[in-house]
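Report on the structure given below.
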Amino acid sequence: MARIIPIATDTDKAEAITAATETLLRHRPVAIPTETVYGLAADATHPAAITSIYETKGRPRFNPLICHMADLDMAERYAVFDPVSRRLAEAFWPGPLTLVLPLKADAGIHPLATAGLDTVGIRVPVGFTAELIRSLGRPLAAPSANSSGRISPTTAQHVEADLGEKIEVIVDGGPCPVGVESTIVKVENGEIRLLRPGGIEAEAIEAATGKTVIRPKASGTAAIEAPGMLASHYAPNASVRLNATSVSSGEALIAFGPRDISGSSAAMAVFNLSPDGDMAEAASNLFDYLKRADASGATGIAVGPMPDEGLGEAINDRLMRAAAPRGTEG
């Protein structure tokens, strides 16, 4: 069973860094807190370490991993930055933005982490994880710390319930404040392509660069260039029904804002992502409430209508993938 190490004090943090570093050097994965979701981290330069991530999660090996760096200087040792990508890194790192960049020749990141692509997704996280990377001296490949295709964890307890018997160390940094994964973009010929909406709004990227962010033509149909692009992902055991205006027998309800949903009084359980309509609060609650609704005994989860602007774009992306027909997750 995993050892859970809180990091409420500096002494706790030092203990967690020591334990996590020792485990990582044995090429075993460690669950770590980030501002987005909890990650399952391992040395991005070592094949056995990366293999341990895929095996622990049951993750398809054609699905690449984000490589986390301590800072921009470290990232530049592994990838080639064009002017627009550099501007984005300077504006949003550390933070919930992943840049897909060309790998430098002989950079050292193992092809298992990139699924054999000549590009790599790089992010600089906030807080503890950046300190851990500095201690290790190597980038960390770190997808979400959950079984492949299932709901991402936003607390150490979520990780323990899912992967606690498969890993040795869970670092407990409390609930993740952002609550959805990073936004992923790729710059090509000076244009910014959105590969996955996330914790940085596309509008903020446009404001920082003066460039329009190009959205994918059809969600889930593009070639896999980055994590989170599989058609079915973030899925609970119960079926998910979107844009619900009523609740059917046996369903739990996930609502947003003050809107009334017909039949909600008879729902197996009711959760409101944000009664006041706050999108940041809704994002931070999304995965936790999906897990709670799934644990309620409901056969289905009805999700009320969600706005699609700002962080709503990321929330709706996750919900559409959660509701996608199973068997499309690769």
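Simple scheme: letters A, B, ... for chains in structure tokens order, numbers from 1 for residues in each chain, numbers from 1 for ligands in the order shown.
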**OP:** Identify all residues of range 32-180 of chain A in strand (DSSP E or B) (DSSP on the backbone) and supply them as number ranges by chain.
**Re:** A: 32, 39-43, 66-68, 79, 97-103, 119-123, 140-141, 144, 150, 169-172
For Ala255 in chain A: contacts at 10 Å, only C-alpha atoms, fewer than 2 positions along chain excluded, given as a compact mmCIF listing (two decimals) with all heavy atoms, in the first residue's frame:
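Heads up, here's the output in result_28.txt:
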```txt
# COMPACT_ATOMS: atom_id res chain seq x y z
N ASN A 243 -25.89 18.08 -21.27
CA ASN A 243 -26.91 19.08 -21.57
C ASN A 243 -28.30 18.63 -21.11
O ASN A 243 -29.31 18.86 -21.78
CB ASN A 243 -26.93 19.40 -23.07
CG ASN A 243 -25.63 20.02 -23.52
OD1 ASN A 243 -25.13 20.96 -22.91
ND2 ASN A 243 -25.06 19.49 -24.60
N ALA A 244 -28.32 17.99 -19.95
CA ALA A 244 -29.57 17.44 -19.42
C ALA A 244 -30.45 18.56 -18.87
O ALA A 244 -29.98 19.43 -18.13
CB ALA A 244 -29.28 16.42 -18.34
N THR A 245 -31.71 18.53 -19.22
CA THR A 245 -32.68 19.48 -18.66
C THR A 245 -33.63 18.79 -17.69
O THR A 245 -34.49 19.43 -17.10
CB THR A 245 -33.50 20.13 -19.79
OG1 THR A 245 -34.13 19.11 -20.57
CG2 THR A 245 -32.59 20.97 -20.69
N ALA A 252 -27.67 10.27 -11.17
CA ALA A 252 -27.19 11.37 -10.34
C ALA A 252 -27.12 12.62 -11.21
O ALA A 252 -27.07 12.53 -12.43
CB ALA A 252 -25.82 11.04 -9.77
N LEU A 253 -27.13 13.77 -10.57
CA LEU A 253 -27.14 15.04 -11.30
C LEU A 253 -25.90 15.86 -10.95
O LEU A 253 -25.57 16.01 -9.77
CB LEU A 253 -28.39 15.86 -10.97
CG LEU A 253 -28.42 17.31 -11.49
CD1 LEU A 253 -28.46 17.33 -13.02
CD2 LEU A 253 -29.62 18.07 -10.90
N GLY A 257 -24.60 26.43 -11.74
CA GLY A 257 -25.34 27.66 -11.58
C GLY A 257 -26.71 27.46 -10.97
O GLY A 257 -27.04 26.38 -10.47
N PRO A 258 -27.54 28.49 -11.02
CA PRO A 258 -28.85 28.44 -10.34
C PRO A 258 -29.96 27.78 -11.14
O PRO A 258 -31.08 27.68 -10.67
CB PRO A 258 -29.16 29.92 -10.11
CG PRO A 258 -28.50 30.62 -11.26
CD PRO A 258 -27.23 29.84 -11.54
N ARG A 259 -29.68 27.31 -12.36
CA ARG A 259 -30.71 26.73 -13.22
C ARG A 259 -31.39 25.52 -12.54
O ARG A 259 -30.72 24.66 -11.98
CB ARG A 259 -30.09 26.27 -14.54
CG ARG A 259 -31.09 25.65 -15.52
CD ARG A 259 -30.34 24.86 -16.60
NE ARG A 259 -29.51 25.73 -17.40
CZ ARG A 259 -29.82 26.15 -18.62
NH1 ARG A 259 -30.95 25.78 -19.18
NH2 ARG A 259 -29.00 26.92 -19.29
N ASP A 260 -32.73 25.48 -12.61
CA ASP A 260 -33.47 24.32 -12.09
C ASP A 260 -33.47 23.20 -13.12
O ASP A 260 -33.69 23.43 -14.32
CB ASP A 260 -34.93 24.72 -11.78
CG ASP A 260 -35.03 25.63 -10.55
OD1 ASP A 260 -34.18 25.47 -9.66
OD2 ASP A 260 -35.93 26.47 -10.52
N ILE A 261 -33.22 21.98 -12.65
CA ILE A 261 -33.25 20.80 -13.51
C ILE A 261 -34.44 19.94 -13.07
O ILE A 261 -34.52 19.53 -11.91
CB ILE A 261 -31.95 19.98 -13.41
CG1 ILE A 261 -30.74 20.86 -13.74
CG2 ILE A 261 -32.00 18.75 -14.31
CD1 ILE A 261 -30.65 21.30 -15.18
N SER A 264 -34.78 16.84 -10.26
CA SER A 264 -33.56 16.79 -9.45
C SER A 264 -33.81 16.28 -8.04
O SER A 264 -32.94 15.67 -7.42
CB SER A 264 -32.90 18.18 -9.39
OG SER A 264 -33.78 19.13 -8.81
N VAL A 270 -27.07 14.83 -5.90
CA VAL A 270 -27.04 16.10 -6.63
C VAL A 270 -25.78 16.86 -6.23
O VAL A 270 -25.48 17.02 -5.04
CB VAL A 270 -28.28 16.96 -6.32
CG1 VAL A 270 -28.17 18.31 -7.03
CG2 VAL A 270 -29.56 16.24 -6.73
N PHE A 271 -25.04 17.32 -7.24
CA PHE A 271 -23.85 18.13 -7.02
C PHE A 271 -23.94 19.35 -7.94
O PHE A 271 -24.37 19.23 -9.09
CB PHE A 271 -22.57 17.34 -7.35
CG PHE A 271 -22.46 16.05 -6.61
CD1 PHE A 271 -22.94 14.87 -7.17
CD2 PHE A 271 -21.91 16.00 -5.34
CE1 PHE A 271 -22.85 13.66 -6.49
CE2 PHE A 271 -21.83 14.80 -4.65
CZ PHE A 271 -22.29 13.64 -5.22
N ASN A 272 -23.54 20.50 -7.44
CA ASN A 272 -23.52 21.71 -8.26
C ASN A 272 -22.08 22.20 -8.35
O ASN A 272 -21.47 22.55 -7.34
CB ASN A 272 -24.43 22.78 -7.69
CG ASN A 272 -24.72 23.89 -8.68
OD1 ASN A 272 -23.82 24.38 -9.35
ND2 ASN A 272 -25.97 24.28 -8.79
N LEU A 273 -21.54 22.22 -9.56
CA LEU A 273 -20.14 22.61 -9.76
C LEU A 273 -19.87 24.02 -9.23
O LEU A 273 -18.78 24.29 -8.72
CB LEU A 273 -19.78 22.53 -11.25
CG LEU A 273 -19.79 21.13 -11.87
CD1 LEU A 273 -19.65 21.22 -13.38
CD2 LEU A 273 -18.68 20.28 -11.26
N SER A 274 -20.82 24.90 -9.38
CA SER A 274 -20.73 26.24 -8.79
C SER A 274 -22.12 26.86 -8.79
O SER A 274 -22.61 27.29 -9.84
CB SER A 274 -19.76 27.13 -9.58
OG SER A 274 -19.80 28.45 -9.07
N PRO A 275 -22.78 26.90 -7.64
CA PRO A 275 -24.11 27.49 -7.58
C PRO A 275 -24.15 28.93 -8.08
O PRO A 275 -25.16 29.38 -8.60
CB PRO A 275 -24.47 27.41 -6.09
CG PRO A 275 -23.65 26.25 -5.58
CD PRO A 275 -22.36 26.33 -6.35
N ALA A 282 -16.07 25.78 -10.79
CA ALA A 282 -16.59 24.62 -11.49
C ALA A 282 -15.46 23.70 -11.96
O ALA A 282 -15.54 22.48 -11.82
CB ALA A 282 -17.45 25.06 -12.67
N ALA A 302 -26.40 12.58 -15.13
CA ALA A 302 -26.94 13.66 -15.97
C ALA A 302 -26.17 14.94 -15.63
O ALA A 302 -26.05 15.30 -14.47
CB ALA A 302 -28.43 13.84 -15.70
N VAL A 303 -25.67 15.61 -16.66
CA VAL A 303 -24.91 16.84 -16.47
C VAL A 303 -25.69 17.97 -17.12
O VAL A 303 -26.02 17.93 -18.31
CB VAL A 303 -23.51 16.74 -17.09
CG1 VAL A 303 -22.73 18.03 -16.83
CG2 VAL A 303 -22.75 15.54 -16.53
N GLY A 304 -26.00 18.99 -16.33
CA GLY A 304 -26.74 20.13 -16.86
C GLY A 304 -25.93 20.93 -17.85
O GLY A 304 -24.71 20.76 -17.98
N PRO A 305 -26.58 21.84 -18.58
CA PRO A 305 -25.88 22.65 -19.58
C PRO A 305 -24.76 23.49 -18.95
O PRO A 305 -24.90 24.00 -17.84
CB PRO A 305 -26.98 23.54 -20.15
CG PRO A 305 -28.25 22.80 -19.88
CD PRO A 305 -28.02 22.10 -18.57
N MET A 306 -23.64 23.60 -19.69
CA MET A 306 -22.48 24.38 -19.25
C MET A 306 -22.16 25.42 -20.30
O MET A 306 -22.20 25.14 -21.50
CB MET A 306 -21.26 23.46 -19.08
CG MET A 306 -21.31 22.53 -17.90
SD MET A 306 -21.07 23.40 -16.33
CE MET A 306 -19.51 24.20 -16.63
```
Original post:
So which residues of range 58-152 of chain A fall under helix (DSSP H, G or I) by DSSP, listed as a ChimeraX atom specification?
Top reply: /A:72-76,83-92,111-114,128-136
Subject >> A:Glu35, A:Asp12, A:Glu90, A:Asp308 ranked by distance to Ala202 in chain A, top pick (using only C-alpha atoms) >> reply: A:Asp308
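Distances here use only C-alpha atoms; by that measure, the residue among A:Arg150, A:Ser249, A:Asp276, A:Ala238 closest to Ala293 in chain A is A:Ala238.
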**OP:** Would you kindly return, as a PyMOL selection string, each protein, DNA or RNA residue with an atom no farther than 7 Å from any atom of Ala31 in chain A, considering only C-alpha atoms and excluding same-chain residues fewer than 2 positions away?
**Re:** chain A and resi 29+38-41+145+169-171
What are the closest atom pairs, with distances in Å to one decimal, for each residue of range 284-325 of chain A lying within 12 Å of range 176-190 of chain A, using only C-alpha atoms, rows by chain and rising residue number, as JSON lines?
```
{"residue": "A:Ser284", "atom": "CA", "partner": "A:Gly179", "partner_atom": "CA", "distance": 3.8}
{"residue": "A:Asn285", "atom": "CA", "partner": "A:Gly179", "partner_atom": "CA", "distance": 6.6}
{"residue": "A:Leu286", "atom": "CA", "partner": "A:Gly179", "partner_atom": "CA", "distance": 7.0}
{"residue": "A:Phe287", "atom": "CA", "partner": "A:Gly179", "partner_atom": "CA", "distance": 7.1}
{"residue": "A:Asp288", "atom": "CA", "partner": "A:Gly179", "partner_atom": "CA", "distance": 8.6}
{"residue": "A:Tyr289", "atom": "CA", "partner": "A:Gly179", "partner_atom": "CA", "distance": 11.0}
{"residue": "A:Leu290", "atom": "CA", "partner": "A:Gly179", "partner_atom": "CA", "distance": 12.0}
{"residue": "A:Gly310", "atom": "CA", "partner": "A:Thr183", "partner_atom": "CA", "distance": 11.8}
{"residue": "A:Leu311", "atom": "CA", "partner": "A:Val180", "partner_atom": "CA", "distance": 9.3}
{"residue": "A:Gly312", "atom": "CA", "partner": "A:Val180", "partner_atom": "CA", "distance": 10.9}
{"residue": "A:Glu313", "atom": "CA", "partner": "A:Thr183", "partner_atom": "CA", "distance": 10.5}
{"residue": "A:Ala314", "atom": "CA", "partner": "A:Val180", "partner_atom": "CA", "distance": 7.5}
{"residue": "A:Ile315", "atom": "CA", "partner": "A:Val180", "partner_atom": "CA", "distance": 7.6}
{"residue": "A:Asn316", "atom": "CA", "partner": "A:Val180", "partner_atom": "CA", "distance": 11.0}
{"residue": "A:Asp317", "atom": "CA", "partner": "A:Val180", "partner_atom": "CA", "distance": 10.4}
{"residue": "A:Arg318", "atom": "CA", "partner": "A:Val180", "partner_atom": "CA", "distance": 8.4}
{"residue": "A:Leu319", "atom": "CA", "partner": "A:Val180", "partner_atom": "CA", "distance": 11.2}
```
Please produce a file of those selected residues containing N, CA and C atoms, as an mmCIF file, in the first residue's frame.
```cif
data_model
loop_
_atom_site.group_PDB
_atom_site.id
_atom_site.type_symbol
_atom_site.label_atom_id
_atom_site.label_comp_id
_atom_site.auth_asym_id
_atom_site.auth_seq_id
_atom_site.Cartn_x
_atom_site.Cartn_y
_atom_site.Cartn_z
ATOM 1 N N SER A 284 -12.437 23.423 -10.700
ATOM 2 C CA SER A 284 -11.760 22.787 -9.572
ATOM 3 C C SER A 284 -12.590 21.653 -8.980
ATOM 4 N N ASN A 285 -13.916 21.710 -9.141
ATOM 5 C CA ASN A 285 -14.800 20.675 -8.583
ATOM 6 C C ASN A 285 -15.110 19.540 -9.555
ATOM 7 N N LEU A 286 -14.818 19.720 -10.842
ATOM 8 C CA LEU A 286 -15.323 18.817 -11.876
ATOM 9 C C LEU A 286 -15.001 17.353 -11.618
ATOM 10 N N PHE A 287 -13.729 16.992 -11.503
ATOM 11 C CA PHE A 287 -13.364 15.584 -11.386
ATOM 12 C C PHE A 287 -13.809 14.998 -10.048
ATOM 13 N N ASP A 288 -13.737 15.799 -8.985
ATOM 14 C CA ASP A 288 -14.176 15.308 -7.679
ATOM 15 C C ASP A 288 -15.664 14.974 -7.711
ATOM 16 N N TYR A 289 -16.460 15.845 -8.320
ATOM 17 C CA TYR A 289 -17.906 15.609 -8.349
ATOM 18 C C TYR A 289 -18.263 14.463 -9.284
ATOM 19 N N LEU A 290 -17.514 14.295 -10.379
ATOM 20 C CA LEU A 290 -17.737 13.126 -11.228
ATOM 21 C C LEU A 290 -17.490 11.842 -10.438
ATOM 22 N N GLY A 310 -14.364 30.664 -22.066
ATOM 23 C CA GLY A 310 -13.367 30.649 -20.994
ATOM 24 C C GLY A 310 -13.038 29.233 -20.568
ATOM 25 N N LEU A 311 -12.987 28.998 -19.250
ATOM 26 C CA LEU A 311 -12.706 27.659 -18.738
ATOM 27 C C LEU A 311 -13.802 26.656 -19.080
ATOM 28 N N GLY A 312 -14.966 27.164 -19.463
ATOM 29 C CA GLY A 312 -16.032 26.266 -19.892
ATOM 30 C C GLY A 312 -15.633 25.417 -21.089
ATOM 31 N N GLU A 313 -14.734 25.932 -21.925
ATOM 32 C CA GLU A 313 -14.259 25.154 -23.069
ATOM 33 C C GLU A 313 -13.537 23.897 -22.591
ATOM 34 N N ALA A 314 -12.691 24.030 -21.559
ATOM 35 C CA ALA A 314 -11.977 22.877 -21.014
ATOM 36 C C ALA A 314 -12.938 21.933 -20.298
ATOM 37 N N ILE A 315 -13.875 22.491 -19.531
ATOM 38 C CA ILE A 315 -14.831 21.650 -18.800
ATOM 39 C C ILE A 315 -15.666 20.826 -19.777
ATOM 40 N N ASN A 316 -16.174 21.471 -20.819
ATOM 41 C CA ASN A 316 -16.996 20.754 -21.794
ATOM 42 C C ASN A 316 -16.183 19.725 -22.575
ATOM 43 N N ASP A 317 -14.914 20.014 -22.832
ATOM 44 C CA ASP A 317 -14.053 19.031 -23.482
ATOM 45 C C ASP A 317 -13.963 17.758 -22.643
ATOM 46 N N ARG A 318 -13.716 17.926 -21.333
ATOM 47 C CA ARG A 318 -13.614 16.757 -20.459
ATOM 48 C C ARG A 318 -14.938 16.000 -20.382
ATOM 49 N N LEU A 319 -16.040 16.746 -20.311
ATOM 50 C CA LEU A 319 -17.346 16.105 -20.214
ATOM 51 C C LEU A 319 -17.700 15.342 -21.489
#
```
Subject >> Shell of 12 Å around Val80 in chain A, only C-alpha atoms, local chain residues under 5 positions omitted, as a list in words >> reply: Leu72, Asp73, Met74, Ala75, Ser85, Arg86, Leu99, Val100, Leu101, Pro102, Leu103, Lys104, Ala105, Ala107, Asp118, Thr119, Val120, Gly121, Ile122 and Val187 of chain A
**OP:** Would you please work out which residue, of A:Asp172, A:Glu206, A:Asp82, A:Glu191, is nearest to Val159 in chain A when using only C-alpha atoms?
**Re:** A:Asp172
Ser135 in chain A surroundings by only C-alpha atoms, 9 Å radius, close-in-sequence under 5 positions cut, as a PDB file with N, CA and C atoms, in the first residue's frame:
```
ATOM      1  N   ILE A  17      10.429  15.141  -0.575  1.00  0.00           N
ATOM      2  CA  ILE A  17      11.391  15.220  -1.677  1.00  0.00           C
ATOM      3  C   ILE A  17      12.415  14.099  -1.565  1.00  0.00           C
ATOM      4  N   THR A  18      12.868  13.815  -0.360  1.00  0.00           N
ATOM      5  CA  THR A  18      13.835  12.732  -0.163  1.00  0.00           C
ATOM      6  C   THR A  18      13.235  11.387  -0.544  1.00  0.00           C
ATOM      7  N   THR A  21      12.436  11.288  -4.393  1.00  0.00           N
ATOM      8  CA  THR A  21      13.652  11.196  -5.205  1.00  0.00           C
ATOM      9  C   THR A  21      14.242   9.795  -5.142  1.00  0.00           C
ATOM     10  N   ALA A 130       8.079  21.249  -9.188  1.00  0.00           N
ATOM     11  CA  ALA A 130       9.282  21.901  -9.726  1.00  0.00           C
ATOM     12  C   ALA A 130      10.468  21.693  -8.785  1.00  0.00           C
TER      13      ALA A 130
END
```
Original post:
Leaving out Arg123 in chain A and any residue of its chain fewer than 3 positions from it, which residues lie within 7 Å of it when counting only C-alpha atoms, given as a ChimeraX atom specification?
Top reply: /A:67-69,97-99
Serialized selection, N, CA and C atoms, as a tab-separated table (two decimals), in the first residue's frame:
```tsv
chain	number	residue	atom	x	y	z
A	67	CYS	N	6.20	16.02	-20.41
A	67	CYS	CA	7.44	16.04	-19.63
A	67	CYS	C	7.51	17.36	-18.87
A	68	HIS	N	7.65	17.25	-17.56
A	68	HIS	CA	7.65	18.42	-16.69
A	68	HIS	C	9.07	18.85	-16.38
A	69	MET	N	9.31	20.15	-16.47
A	69	MET	CA	10.63	20.73	-16.26
A	69	MET	C	10.60	21.67	-15.06
A	97	LEU	N	0.07	25.38	-18.66
A	97	LEU	CA	0.19	25.42	-20.11
A	97	LEU	C	1.27	24.45	-20.56
A	98	THR	N	0.92	23.57	-21.50
A	98	THR	CA	1.88	22.65	-22.11
A	98	THR	C	2.14	23.08	-23.54
A	99	LEU	N	3.41	23.16	-23.91
A	99	LEU	CA	3.82	23.49	-25.26
A	99	LEU	C	4.36	22.25	-25.95
```
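With only C-alpha atoms as the basis for measurement, A:Ala113 is the residue among A:Trp93, A:Ala70, A:Ala113, A:Ala79 that approaches Ala48 in chain A most closely.
Picture a line from CA of Gly263 in chain A to CA of Arg292 in chain A; it runs 19.2 Å.
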Original post:
From the list A:Asn237, A:Asn63, A:Thr299, A:Ser246, which residue is nearest Gly116 in chain A when using only C-alpha atoms?
Top reply: A:Asn63
Original post:
So, counting only C-alpha atoms, which residue among A:Leu194, A:Val124, A:Ile200, A:Met320 is closest to Arg215 in chain A?
Top reply: A:Leu194
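Summary of the local environment: counting only C-alpha atoms, residues at most 8 Å from Met268 in chain A, other than itself and those fewer than 6 positions away along its chain, are Gly250, Glu251, Ala252, Leu253, Ser296, Gly297 and Ala298 of chain A.
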The selected residues should be written to file as a compact mmCIF listing (two decimals), in the first residue's frame (atoms: N, CA and C atoms).
```
# COMPACT_ATOMS: atom_id res chain seq x y z
N GLY A 250 -32.73 6.69 -11.57
CA GLY A 250 -31.44 6.05 -11.36
C GLY A 250 -30.24 6.92 -11.65
N GLU A 251 -30.46 8.15 -12.07
CA GLU A 251 -29.35 9.04 -12.41
C GLU A 251 -28.96 9.93 -11.24
N ALA A 252 -27.67 10.27 -11.17
CA ALA A 252 -27.19 11.37 -10.34
C ALA A 252 -27.12 12.62 -11.21
N LEU A 253 -27.13 13.77 -10.57
CA LEU A 253 -27.14 15.04 -11.30
C LEU A 253 -25.90 15.86 -10.95
N SER A 296 -22.15 7.15 -6.09
CA SER A 296 -23.47 7.25 -5.45
C SER A 296 -24.36 6.04 -5.70
N GLY A 297 -23.93 5.16 -6.59
CA GLY A 297 -24.76 4.02 -6.96
C GLY A 297 -25.64 4.28 -8.17
N ALA A 298 -25.49 5.48 -8.76
CA ALA A 298 -26.29 5.82 -9.93
C ALA A 298 -25.85 5.01 -11.14
```
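Between CA of Phe62 in chain A and CA of Pro111 in chain A the separation is 10.7 Å.
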